[in-house]
$ cat upload_33.cif   # mmCIF, C-alpha atoms and all ligand atoms
data_structure
#
loop_
_atom_site.label_atom_id
_atom_site.label_comp_id
_atom_site.auth_asym_id
_atom_site.auth_seq_id
_atom_site.Cartn_x
_atom_site.Cartn_y
_atom_site.Cartn_z
CA MET A 1360 -43.00 -61.52 31.88
CA THR A 1361 -41.78 -63.53 28.88
CA THR A 1362 -38.16 -63.06 27.87
CA THR A 1363 -36.74 -63.67 24.39
CA ARG A 1364 -33.25 -63.15 23.05
CA THR A 1365 -32.15 -61.68 19.75
CA GLN A 1366 -29.07 -59.96 18.37
CA VAL A 1367 -30.69 -56.68 17.35
CA ALA A 1368 -33.93 -55.36 18.86
CA ILE A 1369 -35.48 -52.88 16.44
CA VAL A 1370 -37.99 -50.35 17.73
CA GLY A 1371 -40.33 -49.20 14.94
CA ALA A 1372 -41.54 -50.93 11.77
CA GLY A 1373 -41.49 -47.94 9.42
CA PRO A 1374 -39.20 -48.01 6.38
CA SER A 1375 -36.05 -47.68 8.56
CA GLY A 1376 -36.83 -50.57 10.89
CA LEU A 1377 -38.11 -52.85 8.15
CA LEU A 1378 -35.17 -52.19 5.83
CA LEU A 1379 -32.68 -52.81 8.63
CA GLY A 1380 -34.50 -56.00 9.58
CA GLN A 1381 -34.39 -57.28 6.01
CA LEU A 1382 -30.70 -56.47 5.50
CA LEU A 1383 -29.80 -58.16 8.80
CA HIS A 1384 -31.81 -61.22 7.85
CA LYS A 1385 -29.94 -61.49 4.53
CA ALA A 1386 -26.67 -61.32 6.49
CA GLY A 1387 -27.80 -64.06 8.89
CA ILE A 1388 -28.20 -61.73 11.87
CA ASP A 1389 -31.26 -62.21 14.05
CA ALA A 1390 -33.58 -59.28 14.77
CA VAL A 1391 -37.00 -58.69 16.33
CA ILE A 1392 -39.09 -55.61 15.52
CA VAL A 1393 -41.63 -54.08 17.89
CA GLU A 1394 -44.15 -51.57 16.52
CA ARG A 1395 -46.66 -49.38 18.37
CA VAL A 1396 -49.41 -49.41 15.73
CA SER A 1397 -50.82 -52.03 13.33
CA GLY A 1398 -49.35 -52.94 9.95
CA GLU A 1399 -52.40 -51.46 8.20
CA TYR A 1400 -51.94 -48.19 10.05
CA VAL A 1401 -48.29 -48.00 8.95
CA LEU A 1402 -49.37 -48.56 5.34
CA GLY A 1403 -52.11 -45.95 5.62
CA ARG A 1404 -49.62 -43.12 6.18
CA ILE A 1405 -49.03 -41.30 2.90
CA ARG A 1406 -45.47 -40.06 2.66
CA ALA A 1407 -43.12 -38.96 -0.13
CA GLY A 1408 -42.14 -41.10 -3.04
CA ILE A 1409 -38.82 -40.13 -4.60
CA LEU A 1410 -36.00 -42.66 -4.30
CA GLU A 1411 -32.35 -41.79 -4.81
CA GLN A 1412 -30.03 -44.37 -6.35
CA VAL A 1413 -28.59 -45.25 -2.91
CA CYS A 1414 -32.07 -46.16 -1.72
CA ILE A 1415 -32.77 -48.21 -4.85
CA ASP A 1416 -29.45 -50.04 -4.39
CA LEU A 1417 -30.32 -50.84 -0.78
CA MET A 1418 -33.71 -52.27 -1.69
CA ASP A 1419 -31.84 -54.50 -4.16
CA GLU A 1420 -29.25 -55.44 -1.54
CA ALA A 1421 -32.12 -56.40 0.77
CA GLY A 1422 -33.54 -58.59 -2.03
CA VAL A 1423 -36.82 -56.68 -2.23
CA GLY A 1424 -36.34 -54.54 -5.33
CA GLN A 1425 -38.29 -56.59 -7.86
CA ARG A 1426 -41.64 -54.76 -7.86
CA MET A 1427 -39.90 -51.41 -7.44
CA HIS A 1428 -38.02 -51.97 -10.71
CA GLN A 1429 -41.19 -53.10 -12.48
CA GLU A 1430 -43.48 -50.33 -11.30
CA GLY A 1431 -41.15 -47.46 -10.35
CA LEU A 1432 -40.88 -44.59 -12.83
CA VAL A 1433 -37.36 -43.38 -13.62
CA HIS A 1434 -37.15 -39.59 -13.80
CA GLY A 1435 -34.18 -37.82 -15.36
CA GLY A 1436 -35.39 -34.28 -14.67
CA ILE A 1437 -37.64 -31.93 -12.72
CA GLU A 1438 -39.36 -28.73 -13.74
CA MET A 1439 -39.21 -25.43 -11.88
CA LEU A 1440 -42.05 -22.98 -12.42
CA TYR A 1441 -41.49 -19.37 -11.30
CA GLY A 1442 -42.35 -15.97 -12.73
CA GLY A 1443 -44.99 -17.80 -14.78
CA GLN A 1444 -42.35 -19.73 -16.77
CA ARG A 1445 -41.16 -23.34 -16.58
CA HIS A 1446 -37.51 -24.32 -16.62
CA ARG A 1447 -36.26 -27.88 -16.71
CA VAL A 1448 -33.41 -29.15 -14.56
CA ASP A 1449 -31.84 -32.03 -16.45
CA LEU A 1450 -30.92 -34.09 -13.39
CA ASN A 1451 -29.27 -36.78 -15.44
CA LYS A 1452 -27.05 -34.41 -17.41
CA TYR A 1453 -26.01 -32.26 -14.47
CA SER A 1454 -25.40 -35.07 -12.00
CA GLY A 1455 -23.15 -37.15 -14.22
CA GLY A 1456 -25.80 -39.62 -15.35
CA LYS A 1457 -27.91 -40.20 -12.25
CA ASN A 1458 -31.72 -40.33 -12.02
CA VAL A 1459 -34.33 -40.64 -9.31
CA MET A 1460 -37.24 -43.06 -9.14
CA VAL A 1461 -40.88 -42.33 -8.37
CA TYR A 1462 -42.04 -45.13 -6.08
CA GLY A 1463 -44.28 -44.40 -3.09
CA GLN A 1464 -42.99 -44.96 0.42
CA THR A 1465 -46.17 -46.94 1.01
CA GLU A 1466 -45.22 -49.39 -1.76
CA LEU A 1467 -41.65 -49.69 -0.52
CA THR A 1468 -42.95 -50.36 2.99
CA ARG A 1469 -45.39 -52.96 1.68
CA ASP A 1470 -42.58 -54.78 -0.19
CA LEU A 1471 -40.49 -54.89 2.97
CA MET A 1472 -43.43 -56.09 5.07
CA ASP A 1473 -44.31 -58.83 2.57
CA ALA A 1474 -40.70 -60.01 2.41
CA ARG A 1475 -40.52 -60.17 6.20
CA GLN A 1476 -43.76 -62.06 6.47
CA SER A 1477 -42.89 -64.53 3.72
CA VAL A 1478 -39.83 -65.79 5.63
CA GLY A 1479 -41.61 -65.76 8.98
CA LEU A 1480 -39.57 -63.01 10.64
CA LYS A 1481 -40.94 -61.60 13.86
CA THR A 1482 -42.62 -58.20 13.95
CA VAL A 1483 -44.71 -57.56 17.04
CA TYR A 1484 -47.39 -55.01 16.15
CA GLU A 1485 -49.60 -52.97 18.47
CA VAL A 1486 -47.28 -52.94 21.46
CA SER A 1487 -47.50 -50.33 24.21
CA ASN A 1488 -45.15 -48.91 26.84
CA THR A 1489 -41.99 -49.73 24.89
CA ALA A 1490 -38.94 -48.95 27.01
CA VAL A 1491 -35.20 -49.27 26.33
CA HIS A 1492 -32.82 -50.26 29.13
CA ASP A 1493 -29.11 -50.59 29.96
CA PHE A 1494 -27.87 -49.48 26.55
CA ASP A 1495 -24.80 -48.06 28.27
CA SER A 1496 -23.82 -51.69 28.96
CA ALA A 1497 -23.12 -54.71 26.72
CA LYS A 1498 -26.46 -56.22 27.77
CA PRO A 1499 -29.21 -53.85 26.71
CA TYR A 1500 -32.85 -54.91 26.62
CA VAL A 1501 -36.23 -53.70 25.48
CA THR A 1502 -39.51 -54.15 27.34
CA TYR A 1503 -43.05 -53.70 26.05
CA GLU A 1504 -46.64 -54.71 26.70
CA LYS A 1505 -48.84 -56.63 24.32
CA ASP A 1506 -52.41 -57.76 25.09
CA GLY A 1507 -51.89 -56.96 28.76
CA GLN A 1508 -48.74 -59.13 29.01
CA GLN A 1509 -45.24 -57.87 29.84
CA HIS A 1510 -42.42 -58.87 27.47
CA ARG A 1511 -38.67 -58.46 27.50
CA ILE A 1512 -36.17 -58.77 24.62
CA ASP A 1513 -32.52 -59.24 25.57
CA CYS A 1514 -30.17 -58.16 22.79
CA ASP A 1515 -26.71 -56.96 21.80
CA PHE A 1516 -27.95 -53.75 20.16
CA ILE A 1517 -31.04 -51.57 20.10
CA ALA A 1518 -31.90 -49.87 16.81
CA GLY A 1519 -34.07 -46.80 17.44
CA CYS A 1520 -36.08 -46.69 14.20
CA ASP A 1521 -39.12 -45.28 15.97
CA GLY A 1522 -39.57 -41.97 14.18
CA PHE A 1523 -39.73 -38.42 15.46
CA HIS A 1524 -42.10 -39.16 18.36
CA GLY A 1525 -40.38 -42.38 19.39
CA VAL A 1526 -39.12 -43.55 22.75
CA CYS A 1527 -35.45 -44.16 21.90
CA ARG A 1528 -34.27 -40.59 21.39
CA ALA A 1529 -36.40 -39.55 24.37
CA SER A 1530 -34.54 -42.13 26.51
CA ALA A 1531 -31.05 -40.84 25.72
CA PRO A 1532 -29.42 -39.10 28.68
CA ARG A 1533 -30.34 -35.39 28.41
CA GLY A 1534 -26.78 -34.29 29.08
CA ALA A 1535 -25.45 -36.39 26.20
CA ILE A 1536 -27.73 -35.11 23.46
CA ARG A 1537 -27.88 -31.92 21.42
CA GLU A 1538 -30.91 -31.04 19.32
CA TYR A 1539 -31.13 -28.48 16.53
CA GLU A 1540 -34.53 -27.40 15.29
CA LYS A 1541 -36.23 -24.98 12.95
CA VAL A 1542 -39.99 -24.91 12.50
CA TYR A 1543 -41.33 -23.22 9.37
CA PRO A 1544 -44.33 -20.86 9.50
CA PHE A 1545 -46.48 -22.88 7.06
CA GLY A 1546 -47.50 -26.43 6.18
CA TRP A 1547 -48.09 -28.57 3.10
CA LEU A 1548 -51.61 -29.61 2.25
CA GLY A 1549 -51.32 -32.85 0.24
CA LEU A 1550 -53.93 -34.48 -1.97
CA LEU A 1551 -53.73 -37.95 -3.50
CA SER A 1552 -56.01 -38.81 -6.44
CA ASP A 1553 -56.48 -41.45 -9.09
CA THR A 1554 -55.95 -39.01 -11.93
CA PRO A 1555 -53.11 -38.97 -14.49
CA PRO A 1556 -50.29 -36.62 -13.45
CA VAL A 1557 -50.41 -33.14 -14.98
CA ASN A 1558 -46.85 -33.60 -16.27
CA ASP A 1559 -44.40 -36.45 -16.99
CA GLU A 1560 -41.95 -34.94 -14.51
CA LEU A 1561 -42.45 -33.27 -11.13
CA ILE A 1562 -43.14 -29.53 -11.15
CA TYR A 1563 -41.90 -27.41 -8.23
CA VAL A 1564 -43.82 -24.12 -8.25
CA ASN A 1565 -42.84 -20.77 -6.74
CA SER A 1566 -45.92 -18.61 -7.21
CA PRO A 1567 -47.06 -15.33 -5.64
CA ARG A 1568 -49.84 -17.36 -3.96
CA GLY A 1569 -47.32 -19.71 -2.38
CA PHE A 1570 -45.47 -22.93 -3.19
CA ALA A 1571 -47.08 -25.86 -4.99
CA LEU A 1572 -45.76 -29.25 -6.06
CA CYS A 1573 -47.11 -31.56 -8.76
CA SER A 1574 -45.89 -35.05 -7.94
CA GLN A 1575 -47.11 -38.52 -8.78
CA ARG A 1576 -47.15 -42.14 -7.72
CA SER A 1577 -47.78 -43.77 -11.12
CA LYS A 1578 -49.12 -42.97 -14.59
CA THR A 1579 -52.62 -42.96 -13.11
CA ARG A 1580 -52.11 -41.65 -9.59
CA SER A 1581 -51.13 -38.08 -8.70
CA ARG A 1582 -49.92 -36.40 -5.55
CA TYR A 1583 -50.21 -32.61 -5.30
CA TYR A 1584 -49.23 -30.20 -2.55
CA LEU A 1585 -50.06 -26.60 -1.65
CA GLN A 1586 -48.27 -24.37 0.84
CA VAL A 1587 -50.93 -23.36 3.41
CA PRO A 1588 -50.93 -21.39 6.68
CA LEU A 1589 -50.45 -23.60 9.74
CA THR A 1590 -53.78 -22.35 11.03
CA ASP A 1591 -55.68 -24.01 8.14
CA LYS A 1592 -57.70 -27.11 8.96
CA VAL A 1593 -57.79 -29.95 6.46
CA GLU A 1594 -61.58 -30.29 6.89
CA GLU A 1595 -61.96 -26.75 5.61
CA TRP A 1596 -60.31 -27.61 2.31
CA THR A 1597 -62.84 -29.20 -0.06
CA ASP A 1598 -61.44 -31.03 -3.07
CA ASP A 1599 -62.81 -28.28 -5.30
CA ALA A 1600 -61.10 -25.57 -3.31
CA PHE A 1601 -57.83 -27.52 -3.55
CA TRP A 1602 -58.02 -27.91 -7.34
CA GLN A 1603 -58.96 -24.28 -7.80
CA GLU A 1604 -56.05 -23.05 -5.73
CA LEU A 1605 -53.64 -25.39 -7.50
CA LYS A 1606 -54.76 -24.03 -10.87
CA LEU A 1607 -54.12 -20.50 -9.68
CA ARG A 1608 -50.55 -21.44 -8.79
CA LEU A 1609 -49.87 -23.25 -12.10
CA ASP A 1610 -49.13 -21.87 -15.57
CA GLU A 1611 -51.55 -21.98 -18.48
CA GLU A 1612 -50.27 -25.32 -19.74
CA GLY A 1613 -50.75 -26.78 -16.27
CA ARG A 1614 -54.28 -25.38 -15.94
CA ASP A 1615 -55.18 -26.87 -19.35
CA LYS A 1616 -53.73 -30.30 -18.65
CA LEU A 1617 -54.69 -30.74 -15.00
CA VAL A 1618 -57.13 -33.60 -14.55
CA THR A 1619 -59.05 -33.27 -11.30
CA GLY A 1620 -60.94 -35.94 -9.39
CA PRO A 1621 -62.00 -37.01 -5.91
CA SER A 1622 -59.26 -37.14 -3.29
CA LEU A 1623 -58.18 -40.52 -1.89
CA GLU A 1624 -56.39 -38.76 0.94
CA LYS A 1625 -55.85 -35.19 2.09
CA SER A 1626 -53.69 -34.05 4.99
CA ILE A 1627 -51.67 -31.11 6.26
CA ALA A 1628 -48.07 -31.67 7.35
CA PRO A 1629 -45.94 -29.10 9.20
CA LEU A 1630 -42.43 -28.41 7.93
CA ARG A 1631 -39.48 -28.87 10.24
CA SER A 1632 -35.69 -29.12 10.14
CA PHE A 1633 -34.42 -31.16 13.07
CA VAL A 1634 -31.15 -32.94 13.88
CA THR A 1635 -30.03 -34.89 16.94
CA GLU A 1636 -26.36 -35.23 17.79
CA PRO A 1637 -25.02 -37.83 18.34
CA MET A 1638 -26.91 -40.74 16.77
CA ARG A 1639 -25.40 -43.35 19.07
CA PHE A 1640 -25.71 -43.82 22.82
CA GLY A 1641 -23.64 -46.85 23.85
CA ARG A 1642 -25.43 -49.88 22.40
CA MET A 1643 -28.42 -47.87 21.14
CA PHE A 1644 -28.48 -46.25 17.70
CA LEU A 1645 -30.94 -43.82 16.18
CA ALA A 1646 -31.82 -44.17 12.49
CA GLY A 1647 -34.21 -42.28 10.20
CA ASP A 1648 -36.83 -39.86 11.56
CA ALA A 1649 -35.85 -40.78 15.13
CA GLY A 1650 -32.68 -38.78 14.59
CA HIS A 1651 -33.61 -36.11 12.06
CA ILE A 1652 -36.41 -34.46 10.10
CA VAL A 1653 -36.12 -32.50 6.87
CA PRO A 1654 -38.77 -30.30 5.28
CA PRO A 1655 -40.08 -32.34 2.32
CA THR A 1656 -39.05 -29.87 -0.39
CA GLY A 1657 -35.96 -31.84 -1.39
CA ALA A 1658 -37.59 -35.28 -0.95
CA LYS A 1659 -34.74 -36.35 1.32
CA GLY A 1660 -36.54 -37.92 4.33
CA LEU A 1661 -36.77 -41.50 3.16
CA ASN A 1662 -33.40 -41.38 1.42
CA LEU A 1663 -31.60 -40.16 4.54
CA ALA A 1664 -33.31 -42.88 6.56
CA ALA A 1665 -32.05 -45.44 4.04
CA THR A 1666 -28.45 -44.26 4.32
CA ASP A 1667 -28.53 -44.30 8.12
CA VAL A 1668 -29.72 -47.89 7.87
CA LYS A 1669 -26.94 -48.73 5.41
CA TYR A 1670 -24.27 -47.34 7.75
CA LEU A 1671 -25.81 -49.08 10.76
CA PHE A 1672 -26.12 -52.37 8.94
CA ASP A 1673 -22.48 -52.24 7.79
CA ALA A 1674 -21.36 -51.43 11.34
CA ILE A 1675 -23.32 -54.31 12.88
CA VAL A 1676 -22.03 -56.78 10.27
CA GLU A 1677 -18.48 -55.61 10.98
CA PHE A 1678 -19.07 -56.19 14.69
CA TYR A 1679 -20.23 -59.79 14.25
CA LYS A 1680 -18.11 -60.87 11.27
CA ASP A 1681 -14.83 -59.04 11.93
CA LYS A 1682 -15.20 -58.68 15.71
CA SER A 1683 -14.50 -54.97 15.23
CA GLU A 1684 -16.24 -52.02 16.84
CA ALA A 1685 -14.72 -49.51 14.40
CA GLY A 1686 -17.92 -49.18 12.36
CA ILE A 1687 -20.06 -48.74 15.43
CA ASP A 1688 -17.71 -46.09 16.82
CA ASP A 1689 -17.86 -44.21 13.53
CA TYR A 1690 -21.63 -44.56 12.94
CA SER A 1691 -22.70 -41.20 14.30
CA ARG A 1692 -20.00 -39.19 12.55
CA LYS A 1693 -20.65 -40.90 9.24
CA CYS A 1694 -24.40 -40.36 9.39
CA LEU A 1695 -24.23 -36.77 10.55
CA GLY A 1696 -21.95 -35.69 7.70
CA ARG A 1697 -24.54 -36.84 5.19
CA ILE A 1698 -27.48 -35.65 7.27
CA TRP A 1699 -26.25 -32.07 7.57
CA ARG A 1700 -25.62 -31.86 3.83
CA ALA A 1701 -29.16 -33.02 3.10
CA GLU A 1702 -30.57 -30.77 5.85
CA ARG A 1703 -28.79 -27.83 4.31
CA PHE A 1704 -30.16 -28.58 0.84
CA SER A 1705 -33.71 -29.14 2.11
CA TRP A 1706 -33.64 -25.87 4.10
CA TRP A 1707 -32.19 -23.91 1.16
CA PHE A 1708 -34.68 -25.34 -1.34
CA THR A 1709 -37.52 -24.59 1.08
CA GLN A 1710 -36.42 -20.95 1.50
CA LEU A 1711 -36.09 -20.59 -2.25
CA MET A 1712 -39.57 -21.85 -3.13
CA HIS A 1713 -42.00 -20.70 -0.40
CA ARG A 1714 -43.69 -17.44 0.49
CA PHE A 1715 -42.64 -16.19 3.91
CA SER A 1716 -44.86 -13.65 5.62
CA HIS A 1717 -42.04 -11.33 6.61
CA ASP A 1718 -40.27 -9.10 4.11
CA GLU A 1719 -42.70 -10.29 1.46
CA LYS A 1720 -42.03 -8.22 -1.63
CA ILE A 1721 -38.27 -8.06 -1.59
CA THR A 1722 -37.90 -11.74 -0.66
CA ALA A 1723 -39.97 -12.75 -3.68
CA LYS A 1724 -37.70 -10.63 -5.89
CA PHE A 1725 -34.59 -12.25 -4.38
CA GLN A 1726 -36.07 -15.71 -4.95
CA ASN A 1727 -36.86 -14.93 -8.57
CA ALA A 1728 -33.40 -13.54 -9.21
CA GLU A 1729 -31.81 -16.56 -7.57
CA LEU A 1730 -33.96 -19.00 -9.56
CA ASP A 1731 -33.13 -17.10 -12.72
CA TYR A 1732 -29.45 -17.33 -11.96
CA LEU A 1733 -29.66 -21.04 -11.09
CA MET A 1734 -31.58 -21.96 -14.25
CA HIS A 1735 -29.15 -20.15 -16.54
CA SER A 1736 -25.88 -21.22 -14.98
CA GLU A 1737 -24.18 -24.59 -15.40
CA ALA A 1738 -22.99 -24.26 -11.81
CA GLY A 1739 -26.52 -23.50 -10.63
CA LEU A 1740 -28.07 -26.42 -12.47
CA THR A 1741 -25.33 -28.70 -11.16
CA THR A 1742 -25.97 -27.51 -7.60
CA ILE A 1743 -29.63 -28.49 -7.80
CA ALA A 1744 -29.11 -31.71 -9.74
CA GLU A 1745 -26.32 -33.25 -7.67
CA ASN A 1746 -28.10 -32.53 -4.40
CA TYR A 1747 -31.51 -33.64 -5.64
CA VAL A 1748 -30.29 -37.03 -6.91
CA GLY A 1749 -28.27 -37.41 -3.70
CA LEU A 1750 -24.61 -36.69 -3.05
CA PRO A 1751 -22.34 -39.75 -3.34
CA LEU A 1752 -21.94 -41.80 -0.15
CA ASP A 1753 -18.23 -40.93 -0.03
CA PHE A 1754 -18.79 -37.20 -0.67
CA GLY A 1755 -16.24 -35.02 1.11
CA ARG A 1756 -14.08 -37.95 2.11
N1 LIG A 1801 -42.62 -48.39 20.23
C1 LIG A 1801 -42.71 -49.05 19.04
N2 LIG A 1801 -42.82 -48.42 17.86
C2 LIG A 1801 -42.85 -47.08 17.85
C3 LIG A 1801 -42.77 -46.34 19.05
C4 LIG A 1801 -42.67 -47.04 20.27
N3 LIG A 1801 -42.59 -46.40 21.43
N4 LIG A 1801 -42.83 -45.03 18.73
C5 LIG A 1801 -42.96 -44.96 17.40
N5 LIG A 1801 -42.98 -46.19 16.85
C6 LIG A 1801 -43.13 -46.54 15.43
C7 LIG A 1801 -44.15 -45.68 14.71
O1 LIG A 1801 -45.46 -46.14 14.93
C8 LIG A 1801 -43.71 -45.81 13.26
O2 LIG A 1801 -44.37 -46.86 12.59
O3 LIG A 1801 -41.92 -46.29 14.74
C9 LIG A 1801 -42.22 -46.15 13.35
C10 LIG A 1801 -41.35 -45.05 12.76
O4 LIG A 1801 -41.59 -44.97 11.38
P1 LIG A 1801 -41.45 -43.61 10.56
O5 LIG A 1801 -42.01 -42.50 11.33
O6 LIG A 1801 -41.97 -43.88 9.20
O7 LIG A 1801 -39.86 -43.36 10.53
P2 LIG A 1801 -38.72 -44.09 9.66
O8 LIG A 1801 -38.95 -45.55 9.58
O9 LIG A 1801 -37.44 -43.57 10.17
O10 LIG A 1801 -39.00 -43.57 8.20
C11 LIG A 1801 -38.49 -42.40 7.70
O11 LIG A 1801 -40.63 -41.71 7.00
O12 LIG A 1801 -41.46 -39.76 7.90
C12 LIG A 1801 -40.90 -40.33 6.80
O13 LIG A 1801 -39.74 -38.56 5.80
C13 LIG A 1801 -39.63 -39.72 6.52
O14 LIG A 1801 -39.65 -40.85 4.57
C14 LIG A 1801 -39.02 -40.82 5.81
C15 LIG A 1801 -39.36 -42.01 6.55
C1 LIG A 1802 -44.25 -36.73 -3.07
O1 LIG A 1802 -44.45 -37.29 -4.15
O2 LIG A 1802 -44.96 -36.94 -2.10
C2 LIG A 1802 -43.12 -35.76 -2.98
C3 LIG A 1802 -42.27 -35.63 -4.04
C4 LIG A 1802 -41.23 -34.72 -3.99
C5 LIG A 1802 -41.06 -33.95 -2.86
C6 LIG A 1802 -41.90 -34.10 -1.78
C7 LIG A 1802 -42.95 -35.01 -1.83
O3 LIG A 1802 -40.05 -33.05 -2.82
#
$ encode --input "upload_33.cif" --output "structure tokens"
Amino acid sequence: MTTTRTQVAIVGAGPSGLLLGQLLHKAGIDAVIVERVSGEYVLGRIRAGILEQVCIDLMDEAGVGQRMHQEGLVHGGIEMLYGGQRHRVDLNKYSGGKNVMVYGQTELTRDLMDARQSVGLKTVYEVSNTAVHDFDSAKPYVTYEKDGQQHRIDCDFIAGCDGFHGVCRASAPRGAIREYEKVYPFGWLGLLSDTPPVNDELIYVNSPRGFALCSQRSKTRSRYYLQVPLTDKVEEWTDDAFWQELKLRLDEEGRDKLVTGPSLEKSIAPLRSFVTEPMRFGRMFLAGDAGHIVPPTGAKGLNLAATDVKYLFDAIVEFYKDKSEAGIDDYSRKCLGRIWRAERFSWWFTQLMHRFSHDEKITAKFQNAELDYLMHSEAGLTTIAENYVGLPLDFGR
């Protein structure tokens, strides 16, 4: 067994773990990251790509925002297609001047990985049997195996950035944890292609055949989604079948403009709302998907992860610089306020846009009437815009 010592042991090198590691490095705080899979595997996972201003600001604070600003596309609006008609939500106007940025999670992750590598910071990839110990004391530690060798990291804090299936949440004492979960009766089939996006802005589609989303990664790369039954298998969906179904869910303008092409990636993701309370267990903290999952309809997953990391980073800095535990004590409460607001929005937006098997006809009528109200009311447009761009960090305080 080899033993090393660091200030913060981070479990998981997804966006949460990498962003925390980078921020800590900038603040002169030492951290080691352990990751179950390889770096290439992490980069191969296609996830969402809409950044709120808070996430953009954090990338800048971490000193890794350069490529994001060069290549990211600023969007000041989204389109909603229902009842065969498109309606634009002017995000900028109705949120008091805020925008979002289209920049893939893969790119953001790559920037963080490159930054970490360029200054020689330690990420241990392809570890197995990660375990967290003694986090109810001031001397927690993490153990793992790598190439058949046992390793131990002694630390002051453990950051559980290990996603929904990670070991940190699973190691919290069962009596101290509450979990809230809703699983939706459908999934999203996603397709990535090197084709120009069908529209400058994203289109969220409520159609009688089910939800669809026209998103993008750049001016030449598109990302599209279709609501599909959970029983569908991705292998059964040919590219042609995907494009055909998407056309059926779009309007005439969309059908005319849609450029199809071979898929670079296709996958089906289930939709889930999930929250863990609390987010702190002594000297161990959960951040990002380890603590909560949102259905992707509001594009909140990555942004929520980024704000958890911001709160955790501030708390850890306060601990070392000001010798105060106030930030740490308040971490869970602060995160959960923001998490529940984003969970609520993601759940509401999901209900509004998808076909549910029960109560079919009347639910579709309710959805249409609600969308019609929202699109023709200043209050309605404001509700969508201010939630979509992200509520201010001090909202409700
Ligand atoms: N030991 C080490 N690493 C682990 C372990 C373990 N036991 N279990 C999981 N991991 C790693 C995973 O391999 C993964 O790379 O933790 C990482 C968690 O990364 P993500 O799942 O991407 O979670 P997070 O960093 O919180 O990112 C949140 O990802 O899923 C999206 O919508 C979500 O965009 C949001 C973002
Ligand atoms: C995506 O581009 O993958 C994406 C965009 C917006 C969403 C969800 C996913 O709401």
$ closest_residue --input "upload_33.cif" --among "A:Asp1493, A:Glu1702, A:Asp1553, A:Asp1470" --to "Gln1575 in chain A" --atoms "all atoms listed in the file"
A:Asp1553
$ residues_around --input "upload_33.cif" --residues "Ile1743 in chain A" --least-positions-apart "2" --cutoff "9 Å" --atoms "all atoms listed in the file" --output "PyMOL selection string"
chain A and resi 1448+1450+1453-1454+1704+1708+1733+1738-1741+1745-1748
$ closest_atom_pairs --input "upload_33.cif" --of "chain A" --to "ligand LIG 1802 (chain A)" --cutoff "7 Å" --atoms "only C-alpha atoms and all ligand atoms" --output "JSON lines"
{"residue": "A:Arg1406", "atom": "CA", "partner": "A:LIG1802", "partner_atom": "O2", "distance": 5.7}
{"residue": "A:Ala1407", "atom": "CA", "partner": "A:LIG1802", "partner_atom": "O2", "distance": 3.4}
{"residue": "A:Gly1408", "atom": "CA", "partner": "A:LIG1802", "partner_atom": "O1", "distance": 4.6}
{"residue": "A:Ile1409", "atom": "CA", "partner": "A:LIG1802", "partner_atom": "C3", "distance": 5.7}
{"residue": "A:Ser1574", "atom": "CA", "partner": "A:LIG1802", "partner_atom": "O1", "distance": 4.6}
{"residue": "A:Gln1575", "atom": "CA", "partner": "A:LIG1802", "partner_atom": "O1", "distance": 5.5}
{"residue": "A:Arg1576", "atom": "CA", "partner": "A:LIG1802", "partner_atom": "O1", "distance": 6.6}
{"residue": "A:Arg1582", "atom": "CA", "partner": "A:LIG1802", "partner_atom": "O1", "distance": 5.7}
{"residue": "A:Pro1655", "atom": "CA", "partner": "A:LIG1802", "partner_atom": "C6", "distance": 4.8}
{"residue": "A:Thr1656", "atom": "CA", "partner": "A:LIG1802", "partner_atom": "O3", "distance": 4.1}
{"residue": "A:Gly1657", "atom": "CA", "partner": "A:LIG1802", "partner_atom": "O3", "distance": 4.5}
{"residue": "A:Ala1658", "atom": "CA", "partner": "A:LIG1802", "partner_atom": "O3", "distance": 3.8}
$ atom_distance --input "upload_33.cif" --atom1 "CA of Val1478 in chain A" --atom2 "CA of Gln1381 in chain A"
10.1 Å
$ closest_residue --input "upload_33.cif" --among "A:Gly1660, A:Gly1463, A:Gly1507, A:Gly1443" --to "ligand LIG 1801 (chain A)" --atoms "all atoms listed in the file"
A:Gly1660
$ residues_near_ligand --input "upload_33.cif" --ligand "ligand LIG 1801 (chain A)" --cutoff "6 Å" --atoms "all atoms listed in the file" --output "PyMOL selection string"
chain A and resi 1370-1376+1393-1396+1401+1489+1520-1522+1524-1526+1647-1649+1660-1661+1664
$ atom_distance --input "upload_33.cif" --atom1 "CA of His1713 in chain A" --atom2 "CA of Ser1566 in chain A"
8.1 Å
$ closest_residue --input "upload_33.cif" --among "A:Pro1567, A:Gly1686, A:Arg1697, A:Gly1641" --to "Lys1724 in chain A" --atoms "all atoms listed in the file"
A:Pro1567
$ residues_around --input "upload_33.cif" --residues "Cys1573 in chain A" --least-positions-apart "3" --cutoff "6 Å" --atoms "only C-alpha atoms" --output "list in words"
Leu1561, Ile1562 and Tyr1583 of chain A
$ closest_residue --input "upload_33.cif" --among "A:Arg1639, A:Arg1631, A:His1492, A:Arg1580" --to "Val1542 in chain A" --atoms "only C-alpha atoms"
A:Arg1631
$ axis_aligned_box --input "upload_33.cif" --around "range 1449-1461 of chain A" --padding-each-side "4 Å" --output "lines of an AutoDock Vina configuration file"
center_x = -32.0
center_y = -37.5
center_z = -12.9
size_x = 25.7
size_y = 19.0
size_z = 17.0
$ closest_residue --input "upload_33.cif" --among "A:Trp1699, A:Phe1570, A:Phe1644, A:Tyr1679" --to "Tyr1539 in chain A" --atoms "only C-alpha atoms"
A:Trp1699
$ closest_residue --input "upload_33.cif" --among "A:Val1618, A:Ala1701, A:Leu1402, A:Leu1663" --to "Gln1464 in chain A" --atoms "only C-alpha atoms"
A:Leu1402
